[in-house]
Each structure stands twice: as C-alpha cells, then as structure tokens.
>>> print(open('structure-v9.txt').read())   # compact mmCIF, C-alpha atoms
# COMPACT_ATOMS: atom_id res chain seq x y z
CA MET A 1 40.70 -32.54 87.99
CA ASP A 2 38.06 -35.28 87.96
CA LYS A 3 36.16 -35.77 91.17
CA LYS A 4 37.20 -38.95 93.00
CA TYR A 5 35.01 -41.33 94.95
CA TYR A 6 35.51 -43.95 97.61
CA HIS A 7 33.47 -47.14 97.42
CA LEU A 8 32.46 -49.88 99.83
CA ASP A 9 32.90 -53.59 99.24
CA ALA A 10 30.11 -56.03 100.06
CA ASP A 11 31.48 -56.55 103.59
CA ARG A 12 31.58 -52.75 104.19
CA THR A 13 34.71 -53.09 106.29
CA ALA A 14 36.46 -49.93 105.03
CA PRO A 15 36.23 -47.44 102.15
CA LYS A 16 38.27 -48.34 99.06
CA GLY A 17 39.72 -45.90 96.56
CA PRO A 18 39.64 -43.16 95.60
CA HIS A 19 38.60 -43.65 91.96
CA THR A 20 37.17 -41.41 89.26
CA LEU A 21 33.75 -42.13 87.81
CA GLN A 22 35.45 -43.36 84.62
CA GLU A 23 37.47 -45.84 86.65
CA LEU A 24 34.38 -46.95 88.57
CA SER A 25 32.53 -47.40 85.27
CA ALA A 26 35.31 -49.66 84.03
CA MET A 27 35.20 -51.60 87.31
CA LEU A 28 31.44 -51.94 86.88
CA LEU A 29 31.88 -53.40 83.39
CA SER A 30 34.51 -55.82 84.65
CA GLY A 31 32.29 -56.97 87.52
CA GLU A 32 34.49 -55.65 90.35
CA VAL A 33 31.64 -53.46 91.61
CA ALA A 34 27.85 -53.54 91.16
CA PRO A 35 25.28 -50.81 90.47
CA SER A 36 24.23 -51.11 94.12
CA THR A 37 27.78 -50.49 95.41
CA GLU A 38 27.73 -47.41 97.64
CA ILE A 39 30.14 -44.60 96.78
CA ALA A 40 30.89 -41.21 98.31
CA ALA A 41 33.11 -38.37 97.18
CA VAL A 42 35.25 -36.40 99.59
CA GLY A 43 32.86 -33.91 101.19
CA ASP A 44 29.65 -35.79 100.41
CA LYS A 45 27.14 -36.19 103.22
CA HIS A 46 25.82 -39.66 102.36
CA TRP A 47 26.78 -42.82 100.49
CA TYR A 48 24.97 -43.28 97.17
CA PRO A 49 24.47 -46.30 94.88
CA LEU A 50 26.98 -46.23 92.03
CA GLY A 51 24.24 -46.75 89.44
CA THR A 52 22.36 -43.67 90.68
CA VAL A 53 25.50 -41.50 90.56
CA LEU A 54 26.37 -42.67 87.04
CA MET A 55 22.86 -41.84 85.82
CA GLN A 56 23.11 -38.36 87.34
CA SER A 57 26.68 -37.70 86.20
CA GLY A 58 25.85 -35.38 83.29
CA ASP A 59 27.45 -32.55 85.26
CA SER A 60 30.20 -34.42 87.06
CA SER A 61 31.65 -31.19 88.47
CA ALA A 62 28.53 -30.57 90.60
CA PRO A 63 28.59 -32.33 93.98
CA LEU A 64 25.52 -34.33 95.02
CA LEU A 65 25.38 -32.36 98.29
CA PRO A 66 27.25 -29.36 99.73
CA PRO A 67 30.76 -30.40 100.83
CA PHE A 68 31.70 -30.86 104.44
CA PRO A 69 35.00 -29.49 105.80
CA ALA A 70 37.90 -31.89 106.24
CA ALA A 71 38.75 -32.93 109.81
CA ALA A 72 42.37 -32.48 110.96
CA GLY A 73 43.64 -32.45 107.37
CA ARG A 74 41.99 -35.77 106.51
CA PRO A 75 39.29 -36.05 103.83
CA TYR A 76 35.76 -36.12 105.23
CA LEU A 77 33.73 -39.21 104.44
CA PRO A 78 30.23 -39.96 105.74
CA PRO A 79 29.75 -42.82 108.19
CA MET A 80 29.58 -46.18 106.51
CA PRO A 81 25.98 -47.29 105.90
CA GLN A 82 24.55 -50.14 107.90
CA ALA A 83 23.63 -53.45 106.34
CA PRO A 84 19.89 -53.59 105.60
CA GLY A 85 19.38 -56.44 108.05
CA ALA A 86 17.83 -59.90 107.97
CA CYS A 87 14.43 -61.01 106.71
CA PRO A 88 11.96 -61.44 109.62
CA GLY A 89 10.58 -64.53 107.87
CA CYS A 90 13.64 -66.69 107.21
CA GLY A 91 16.54 -64.74 108.74
CA LYS A 92 18.38 -64.39 105.42
CA GLU A 93 20.57 -61.30 105.13
CA LEU A 94 19.03 -58.86 102.67
CA SER A 95 20.58 -56.45 100.22
CA THR A 96 19.20 -53.33 98.61
CA GLY A 97 18.84 -52.73 94.89
CA ALA A 98 20.54 -50.15 92.72
CA ASP A 99 18.03 -47.56 93.99
CA GLY A 100 19.07 -48.18 97.60
CA LYS A 101 15.67 -49.67 98.53
CA LEU A 102 14.69 -53.04 99.92
CA PRO A 103 13.04 -55.58 97.61
CA ALA A 104 9.27 -55.86 97.94
CA THR A 105 9.55 -59.52 99.01
CA CYS A 106 12.35 -61.64 100.42
CA PRO A 107 13.98 -63.56 97.54
CA GLU A 108 14.33 -66.62 99.80
CA CYS A 109 10.95 -67.03 101.56
CA HIS A 110 8.84 -64.36 99.78
CA PHE A 111 8.07 -62.55 103.05
CA ARG A 112 6.40 -59.22 102.21
CA LEU A 113 8.82 -56.45 103.19
CA ALA A 114 7.68 -53.35 101.29
CA PRO A 115 5.02 -52.23 98.81
CA GLU A 116 5.67 -52.72 95.13
CA GLN A 117 5.51 -48.95 94.62
CA ASP A 118 5.69 -45.99 96.99
CA GLY A 119 2.04 -44.92 96.77
CA MET A 120 -0.83 -44.70 99.24
CA TRP A 121 -2.86 -47.51 97.65
CA GLN A 122 0.22 -49.73 97.52
CA HIS A 123 0.72 -49.21 101.26
CA ILE A 124 -2.98 -49.95 101.91
CA LEU A 125 -2.79 -53.18 99.90
CA LEU A 126 0.35 -54.16 101.81
CA GLY A 127 -1.36 -53.53 105.15
CA LEU A 128 -4.48 -55.47 104.15
CA SER A 129 -2.42 -58.40 102.88
CA ARG A 130 -0.85 -59.03 106.31
CA PRO A 131 -3.78 -59.27 108.77
CA PHE A 132 -2.26 -61.93 111.03
CA MET A 133 1.40 -60.92 110.64
CA LEU A 134 3.01 -59.82 113.92
CA ARG A 135 6.58 -60.02 112.63
CA GLY A 136 8.39 -57.30 110.75
CA ARG A 137 7.75 -53.57 110.64
CA SER A 138 5.20 -51.11 109.22
CA THR A 139 5.88 -47.49 108.33
CA ARG A 140 3.66 -44.56 109.26
CA MET A 141 2.36 -44.45 105.69
CA GLU A 142 1.26 -48.10 105.79
CA TYR A 143 -0.22 -47.77 109.30
CA TRP A 144 -2.26 -44.60 108.86
CA SER A 145 -3.40 -45.13 105.26
CA THR A 146 -4.59 -48.66 106.05
CA THR A 147 -6.16 -47.63 109.37
CA LEU A 148 -8.14 -44.74 107.84
CA PHE A 149 -9.23 -46.92 104.91
CA ALA A 150 -10.35 -49.70 107.29
CA MET A 151 -12.30 -47.24 109.47
CA LEU A 152 -14.06 -45.85 106.38
CA ILE A 153 -15.06 -49.30 105.12
CA MET A 154 -16.19 -50.42 108.60
CA LEU A 155 -18.34 -47.30 108.96
CA LEU A 156 -19.85 -47.79 105.50
CA VAL A 157 -20.68 -51.45 106.17
CA PHE A 158 -22.18 -50.53 109.55
CA VAL A 159 -24.44 -47.85 108.05
CA VAL A 160 -25.61 -50.21 105.30
CA THR A 161 -26.30 -52.92 107.89
CA ILE A 162 -28.36 -50.56 110.06
CA PHE A 163 -30.36 -49.42 107.02
CA ILE A 164 -31.11 -52.98 105.84
CA PHE A 165 -31.89 -54.14 109.38
CA GLY A 166 -34.30 -51.25 109.94
CA THR A 167 -36.01 -51.78 106.58
CA CYS A 168 -36.44 -55.53 107.14
CA THR A 169 -37.74 -54.93 110.66
CA ALA A 170 -40.33 -52.48 109.38
CA LEU A 171 -41.48 -55.00 106.75
CA SER A 172 -41.67 -57.89 109.23
CA LEU A 173 -43.66 -56.05 111.93
CA THR A 174 -47.14 -56.57 110.50
CA PRO A 175 -50.46 -56.75 112.35
CA ASP A 176 -50.28 -60.53 111.96
CA SER A 177 -46.91 -60.85 113.76
CA HIS A 178 -46.99 -62.39 117.22
CA GLY A 179 -44.17 -61.48 119.55
CA LEU A 180 -40.39 -61.69 119.38
CA ALA A 181 -40.16 -65.21 117.97
CA SER A 182 -42.27 -64.41 114.92
CA TRP A 183 -40.19 -61.28 114.27
CA LEU A 184 -36.88 -63.14 114.48
CA THR A 185 -38.03 -65.94 112.16
CA ALA A 186 -39.90 -63.80 109.65
CA ALA A 187 -38.89 -64.31 106.01
CA GLN A 188 -38.46 -60.55 105.60
CA MET A 189 -35.63 -60.60 108.20
CA LEU A 190 -33.41 -63.00 106.20
CA PRO A 191 -31.53 -60.19 104.31
CA ALA A 192 -30.97 -58.45 107.64
CA TRP A 193 -29.38 -61.53 109.24
CA ILE A 194 -27.19 -62.09 106.16
CA MET A 195 -26.02 -58.47 106.19
CA LEU A 196 -25.42 -58.66 109.94
CA GLY A 197 -23.18 -61.70 109.40
CA ILE A 198 -21.29 -59.92 106.62
CA CYS A 199 -20.81 -56.88 108.88
CA ALA A 200 -19.46 -59.07 111.69
CA LEU A 201 -16.98 -60.79 109.34
CA VAL A 202 -15.79 -57.47 107.86
CA TRP A 203 -15.30 -55.97 111.31
CA LEU A 204 -13.47 -59.10 112.54
CA TRP A 205 -11.17 -59.00 109.50
CA PHE A 206 -10.28 -55.34 109.95
CA ILE A 207 -9.75 -55.79 113.69
CA CYS A 208 -7.16 -58.48 112.87
CA VAL A 209 -5.60 -56.12 110.31
CA PHE A 210 -5.44 -53.34 112.90
CA ILE A 211 -3.86 -55.56 115.56
CA GLY A 212 -1.10 -56.68 113.19
CA LEU A 213 -0.56 -53.11 111.98
CA SER A 214 -0.29 -51.74 115.51
CA VAL A 215 2.26 -54.34 116.59
CA ARG A 216 4.39 -53.84 113.44
CA ARG A 217 4.17 -50.04 113.84
CA LEU A 218 5.62 -50.39 117.34
CA HIS A 219 8.34 -52.65 115.93
CA ASP A 220 9.16 -49.97 113.36
CA ILE A 221 10.22 -47.54 116.08
CA GLY A 222 12.05 -50.21 118.06
CA ARG A 223 9.26 -50.86 120.60
CA GLY A 224 7.77 -54.22 121.50
CA GLY A 225 4.19 -55.28 120.90
CA TRP A 226 3.79 -55.59 124.68
CA TRP A 227 2.81 -51.89 124.74
CA TYR A 228 -0.26 -52.68 122.68
CA LEU A 229 -1.08 -55.78 124.73
CA LEU A 230 -0.78 -53.85 128.02
CA MET A 231 -3.07 -51.12 126.69
CA TRP A 232 -5.81 -53.66 125.94
CA LEU A 233 -5.28 -55.60 129.18
CA PHE A 234 -5.77 -52.46 131.27
CA SER A 235 -8.71 -51.37 129.09
CA ILE A 236 -10.47 -54.75 129.39
CA GLY A 237 -9.61 -54.91 133.11
CA TRP A 238 -11.18 -51.53 133.78
CA GLN A 239 -14.31 -52.33 131.77
CA ILE A 240 -14.78 -55.65 133.59
CA TYR A 241 -14.34 -53.90 136.92
CA TYR A 242 -16.71 -51.05 136.03
CA TYR A 243 -19.52 -53.13 134.51
CA THR A 244 -19.32 -55.76 137.26
CA HIS A 245 -20.00 -53.07 139.85
CA ALA A 246 -22.66 -51.52 137.60
CA ALA A 247 -24.42 -54.89 137.32
CA ALA A 248 -24.36 -55.29 141.10
CA VAL A 249 -25.99 -51.87 141.58
CA ILE A 250 -28.60 -52.56 138.88
CA ALA A 251 -29.45 -55.96 140.40
CA SER A 252 -30.05 -54.37 143.79
CA VAL A 253 -32.63 -51.89 142.45
CA ASN A 254 -36.38 -52.57 142.67
CA TRP A 255 -37.24 -51.50 139.13
CA GLN A 256 -40.95 -52.22 139.47
CA LEU A 257 -41.14 -49.75 142.33
CA ILE A 258 -39.25 -47.09 140.35
CA PHE A 259 -41.40 -47.37 137.23
CA ALA A 260 -44.51 -47.35 139.40
CA ILE A 261 -43.70 -43.73 140.27
CA GLU A 262 -46.19 -41.71 138.27
CA ASP A 263 -44.45 -38.36 138.73
CA ALA A 264 -41.92 -38.14 135.84
CA PRO A 265 -39.51 -35.68 137.55
CA SER A 266 -39.37 -37.88 140.67
CA ARG A 267 -38.79 -40.99 138.56
CA ASN A 268 -35.99 -39.30 136.59
CA ALA A 269 -34.41 -38.06 139.81
CA ARG A 270 -34.33 -41.63 141.14
CA LEU A 271 -32.77 -42.89 137.89
CA ASN A 272 -30.08 -40.20 138.17
CA GLU A 273 -29.35 -41.37 141.71
CA ILE A 274 -28.85 -44.91 140.40
CA THR A 275 -26.48 -43.60 137.71
CA GLU A 276 -24.44 -41.80 140.37
CA GLN A 277 -24.32 -44.99 142.46
CA ILE A 278 -22.98 -46.90 139.43
CA ASN A 279 -20.27 -44.29 138.78
CA THR A 280 -19.34 -44.15 142.45
CA ALA A 281 -18.97 -47.93 142.56
CA GLY A 282 -17.00 -48.07 139.27
CA TYR A 283 -14.74 -45.07 139.88
CA ASP A 284 -13.46 -45.95 143.32
CA SER A 285 -9.91 -46.42 144.64
CA VAL A 286 -9.40 -49.32 142.20
CA GLY A 287 -11.45 -48.17 139.22
CA ILE A 288 -9.84 -44.73 138.88
CA PRO A 289 -6.22 -46.03 138.72
CA LEU A 290 -7.28 -48.67 136.18
CA TYR A 291 -9.02 -46.03 134.06
CA LEU A 292 -6.08 -43.61 134.22
CA ALA A 293 -3.59 -46.40 133.41
CA GLN A 294 -5.48 -47.52 130.30
CA MET A 295 -5.88 -43.90 129.16
CA ALA A 296 -2.16 -43.22 129.66
CA LEU A 297 -1.24 -46.37 127.71
CA ALA A 298 -3.67 -45.49 124.91
CA ILE A 299 -2.14 -42.00 124.58
CA THR A 300 1.37 -43.48 124.66
CA VAL A 301 0.60 -45.99 121.90
CA PHE A 302 -1.02 -43.21 119.84
CA VAL A 303 2.10 -41.04 120.18
CA PHE A 304 4.25 -44.02 119.21
CA SER A 305 2.18 -44.46 116.04
CA LEU A 306 3.05 -40.88 115.02
CA MET A 307 6.81 -41.35 115.38
CA ASP A 308 9.10 -41.78 112.40
CA SER A 309 10.71 -45.11 111.60
CA SER A 310 13.92 -45.92 113.43
CA ARG A 311 16.85 -45.84 111.04
CA GLY A 312 18.44 -49.06 109.90
CA ALA A 313 17.68 -52.59 110.99
CA ASN A 314 16.59 -53.46 114.51
CA LYS A 315 15.74 -56.76 116.18
CA TYR A 316 12.35 -56.80 114.46
CA GLY A 317 13.68 -56.58 110.92
CA PRO A 318 15.01 -54.17 108.28
CA SER A 319 13.73 -50.62 107.87
CA VAL A 320 11.71 -50.07 104.70
CA LYS A 321 12.15 -46.30 104.91
CA TYR A 322 15.81 -46.10 106.01
CA PRO A 323 17.45 -49.41 104.99
CA HIS A 324 21.02 -48.20 105.65
CA GLY A 325 20.36 -46.05 108.69
>>> encode(input="structure-v9.txt", output="structure tokens")
Amino acid sequence: MDKKYYHLDADRTAPKGPHTLQELSAMLLSGEVAPSTEIAAVGDKHWYPLGTVLMQSGDSSAPLLPPFPAAAGRPYLPPMPQAPGACPGCGKELSTGADGKLPATCPECHFRLAPEQDGMWQHILLGLSRPFMLRGRSTRMEYWSTTLFAMLIMLLVFVVTIFIFGTCTALSLTPDSHGLASWLTAAQMLPAWIMLGICALVWLWFICVFIGLSVRRLHDIGRGGWWYLLMWLFSIGWQIYYYTHAAAVIASVNWQLIFAIEDAPSRNARLNEITEQINTAGYDSVGIPLYLAQMALAITVFVFSLMDSSRGANKYGPSVKYPHG
C-alpha cells in the first residue's frame, strides 16, 4: 500500500488528506498545492516541504524518520509548524521557499533577513552589511564569525598603526627638532597621522557593527537589547566612579616631593602607597557593587551570546535558523 501524507493549506488551520505522493504530484501540477506546502506521513516527526519529499521519493517505502506510535488509536501527526513571522522592516508576513528556509531579503522592502548561502563568509558579510541595524535577529554563526573577524582586523590595523607611528616618530626626532610642537608638525609624521585616522575610523566602524550584532543576538534568543545597554551603563558608571576618585587622590599628592626622594626603594614604596589609596577610594561601598554588577551583566550577556536561536518567530522577527519552530 502506498504511503499516505497529510498536507497543510496556506492558513495552516488543520491537516488535509491523506493523499499518496502520486495524488499530491497531480495536485501540484494542477496548482492546488505548492512545492513549499508542508506534508507529513502518519508517524513522521516533522512536516517537510512537498518539493523536498518528491525529490527524495526514489524509495517511497522508506520513511523520512522513524515512526512514532499512534495515540489512543488515532494516527500520530507532528505539531503543525508555525508561520515564519513578519519582516522586521515592513511588517509583511513572510513565507519560506521550497527548501523550508527564509528568503535572503524581504520581497517587499528588501530588508536583509539571512545570508545568501549558509557559509561562514556569507554570515560575516551579512554581519558587516548591517552596522547600524538594531532590528531583527542574528544567529550564533553570524555573531561569532563576524565578531572574531572584526577583532582580527582591528588588531591588525592597530599593529600596523603602532609600527608606522613608531617609525615616523623615530624619523622626526632629529637633533634639529625643538620640543613637542616641532615633533607634532614634522613632515615625517604625516603618514602616522593619516594611519591614526584610518585606525580610528576602522575601530569606530567595527564598534558600530558589534553593537548591532550584540543587540540582534539578544533578539535571536528572545531577549531585549536592554541587557546590552545595562551592561555598558554599569561599566561606564563604575569607570567614572573609579577614575574620579583616582583623580582626586592623584591631585592631592605632592609629586615634586615624591620624585625628590633620591632613595629608589623609598620612592617606589611611596608610589605603592598612592596606588593602594586609589584602589581603596575606588573600591569602596559604592565602587565594589558597581564593579560586581557590571561583571555579572557582562557574564550574563556573554552566556546569552552562546545560546541557540529561539525556535520560530518572536516579537523581534522571524528565526533564520528555525523558521517554523
């Protein structure tokens, strides 16, 4: 006996059927169903696109997955798949293709939803193409591949900048140079200033990329971008608190008297005392809770970035990895 399948209409209200693959093929030719129509045989674990099943139907007697037992004499069918969800850009309801995946861009507003292909470089290009985008979602693959690539490029640009800056400084410091002003305005320093500007622009660009990635990664697991904002607010708050107290301690020190100490061990001992005073002032009853809070939030956001995508659509948009849940 031919294996029979149930199928879902576009509204996914209830399974229809059952039909044989031959009958479904005829319905496909007549336009009653589409290649993207989900079907499931009795005992299957998931719904599959009709086009995929027809392409793999060389051995129609072999089930796609091990059968599940029937419940109370009724045929077992998997839960109906969720709709992919709406585009974060225009709000238009989306549909998956015959392969069960979301389109790379929204057909209505061309919002970037997924990479063109499922490869590391495609995910990196997708992440780099959305530096200021806080809407939508980003998978772990997009987040980590883009983050590691950005860190590598930032490190490379930084090393090159340090090398050029050091070389230009060495060339500009001649016996004829007179003080800081002549060093800053020397013709030999022009490449250094250009490279320093390029480094600043590259770092600023990748920081914007990382902020957008982090917010979309939180959206992908159903969390709000407020987690990321809180982490930075506590981090900046603690640093302002710490360095304000450090500046107050430094301003109160008579540095001429300290550097007038000729005995090096005594001078170093006094400098260590000043360091302890700075830490005592910064890590007090206010500084320690601020520091612990920003560390706890940083660890939490890091753990969130390691979590798998939430299945199906959420309020931030459709899931690239699990469109139907």
>>> atom_distance(input="structure-v9.txt", atom1="CA of Gly127 (chain A)", atom2="CA of Ser319 (chain A)")
15.6 Å
>>> closest_residue(input="structure-v9.txt", among="A:Asn268, A:Gln82, A:Ser36, A:Ser214", to="Pro318 (chain A)", atoms="all atoms listed in the file")
A:Gln82
>>> closest_residue(input="structure-v9.txt", among="A:Phe210, A:Ser305, A:Leu50, A:Glu276", to="Phe132 (chain A)", atoms="all atoms listed in the file")
A:Phe210
>>> atom_distance(input="structure-v9.txt", atom1="CA of Leu201 (chain A)", atom2="CA of Arg112 (chain A)")
24.5 Å
>>> atom_distance(input="structure-v9.txt", atom1="CA of Val42 (chain A)", atom2="CA of Leu8 (chain A)")
13.8 Å
>>> residues_around(input="structure-v9.txt", residues="Pro191 (chain A)", least_positions_apart="2", cutoff="12 Å", atoms="all atoms listed in the file", output="list in words")
Val160, Thr161, Ile162, Phe163, Ile164, Phe165, Gly166, Thr167, Cys168, Thr169, Leu171, Ser172, Leu184, Thr185, Ala186, Ala187, Gln188, Met189, Trp193, Ile194, Met195, Leu196, Gly197 and Ile198 of chain A
>>> decode(input="structure-v9.txt", residues="region 253-267 of chain A", atoms="N, CA, C and O atoms", output="mmCIF file, in the first residue's frame")
data_model
loop_
_atom_site.group_PDB
_atom_site.id
_atom_site.type_symbol
_atom_site.label_atom_id
_atom_site.label_comp_id
_atom_site.auth_asym_id
_atom_site.auth_seq_id
_atom_site.Cartn_x
_atom_site.Cartn_y
_atom_site.Cartn_z
ATOM 1 N N VAL A 253 48.368 64.640 45.815
ATOM 2 C CA VAL A 253 49.744 64.204 46.060
ATOM 3 C C VAL A 253 50.732 65.286 45.632
ATOM 4 O O VAL A 253 50.565 65.903 44.567
ATOM 5 N N ASN A 254 51.737 65.518 46.459
ATOM 6 C CA ASN A 254 52.829 66.438 46.112
ATOM 7 C C ASN A 254 53.884 65.642 45.337
ATOM 8 O O ASN A 254 54.781 65.027 45.912
ATOM 9 N N TRP A 255 53.755 65.653 44.004
ATOM 10 C CA TRP A 255 54.616 64.817 43.184
ATOM 11 C C TRP A 255 56.060 65.306 43.163
ATOM 12 O O TRP A 255 56.999 64.497 43.054
ATOM 13 N N GLN A 256 56.264 66.614 43.313
ATOM 14 C CA GLN A 256 57.637 67.107 43.343
ATOM 15 C C GLN A 256 58.387 66.569 44.554
ATOM 16 O O GLN A 256 59.571 66.207 44.473
ATOM 17 N N LEU A 257 57.672 66.467 45.672
ATOM 18 C CA LEU A 257 58.302 65.951 46.880
ATOM 19 C C LEU A 257 58.630 64.471 46.729
ATOM 20 O O LEU A 257 59.678 64.000 47.178
ATOM 21 N N ILE A 258 57.733 63.725 46.065
ATOM 22 C CA ILE A 258 57.956 62.283 45.903
ATOM 23 C C ILE A 258 59.154 62.021 44.997
ATOM 24 O O ILE A 258 60.040 61.224 45.317
ATOM 25 N N PHE A 259 59.217 62.723 43.861
ATOM 26 C CA PHE A 259 60.315 62.482 42.924
ATOM 27 C C PHE A 259 61.621 63.126 43.378
ATOM 28 O O PHE A 259 62.670 62.898 42.776
ATOM 29 N N ALA A 260 61.537 63.919 44.449
ATOM 30 C CA ALA A 260 62.772 64.449 45.036
ATOM 31 C C ALA A 260 63.446 63.425 45.937
ATOM 32 O O ALA A 260 64.592 63.630 46.353
ATOM 33 N N ILE A 261 62.725 62.336 46.264
ATOM 34 C CA ILE A 261 63.312 61.276 47.088
ATOM 35 C C ILE A 261 64.379 60.574 46.270
ATOM 36 O O ILE A 261 64.099 59.990 45.220
ATOM 37 N N GLU A 262 65.586 60.591 46.724
ATOM 38 C CA GLU A 262 66.690 60.010 45.975
ATOM 39 C C GLU A 262 66.759 58.497 46.139
ATOM 40 O O GLU A 262 67.205 57.790 45.233
ATOM 41 N N ASP A 263 66.300 57.998 47.274
ATOM 42 C CA ASP A 263 66.353 56.549 47.520
ATOM 43 C C ASP A 263 65.245 55.867 46.717
ATOM 44 O O ASP A 263 64.056 56.085 46.982
ATOM 45 N N ALA A 264 65.612 55.040 45.727
ATOM 46 C CA ALA A 264 64.628 54.416 44.832
ATOM 47 C C ALA A 264 63.645 53.514 45.577
ATOM 48 O O ALA A 264 62.430 53.585 45.316
ATOM 49 N N PRO A 265 64.094 52.647 46.499
ATOM 50 C CA PRO A 265 63.119 51.813 47.232
ATOM 51 C C PRO A 265 62.102 52.640 48.008
ATOM 52 O O PRO A 265 60.911 52.298 48.047
ATOM 53 N N SER A 266 62.553 53.728 48.631
ATOM 54 C CA SER A 266 61.617 54.571 49.390
ATOM 55 C C SER A 266 60.622 55.246 48.458
ATOM 56 O O SER A 266 59.420 55.357 48.764
ATOM 57 N N ARG A 267 61.127 55.701 47.286
ATOM 58 C CA ARG A 267 60.229 56.343 46.320
ATOM 59 C C ARG A 267 59.193 55.355 45.797
ATOM 60 O O ARG A 267 58.005 55.671 45.689
#
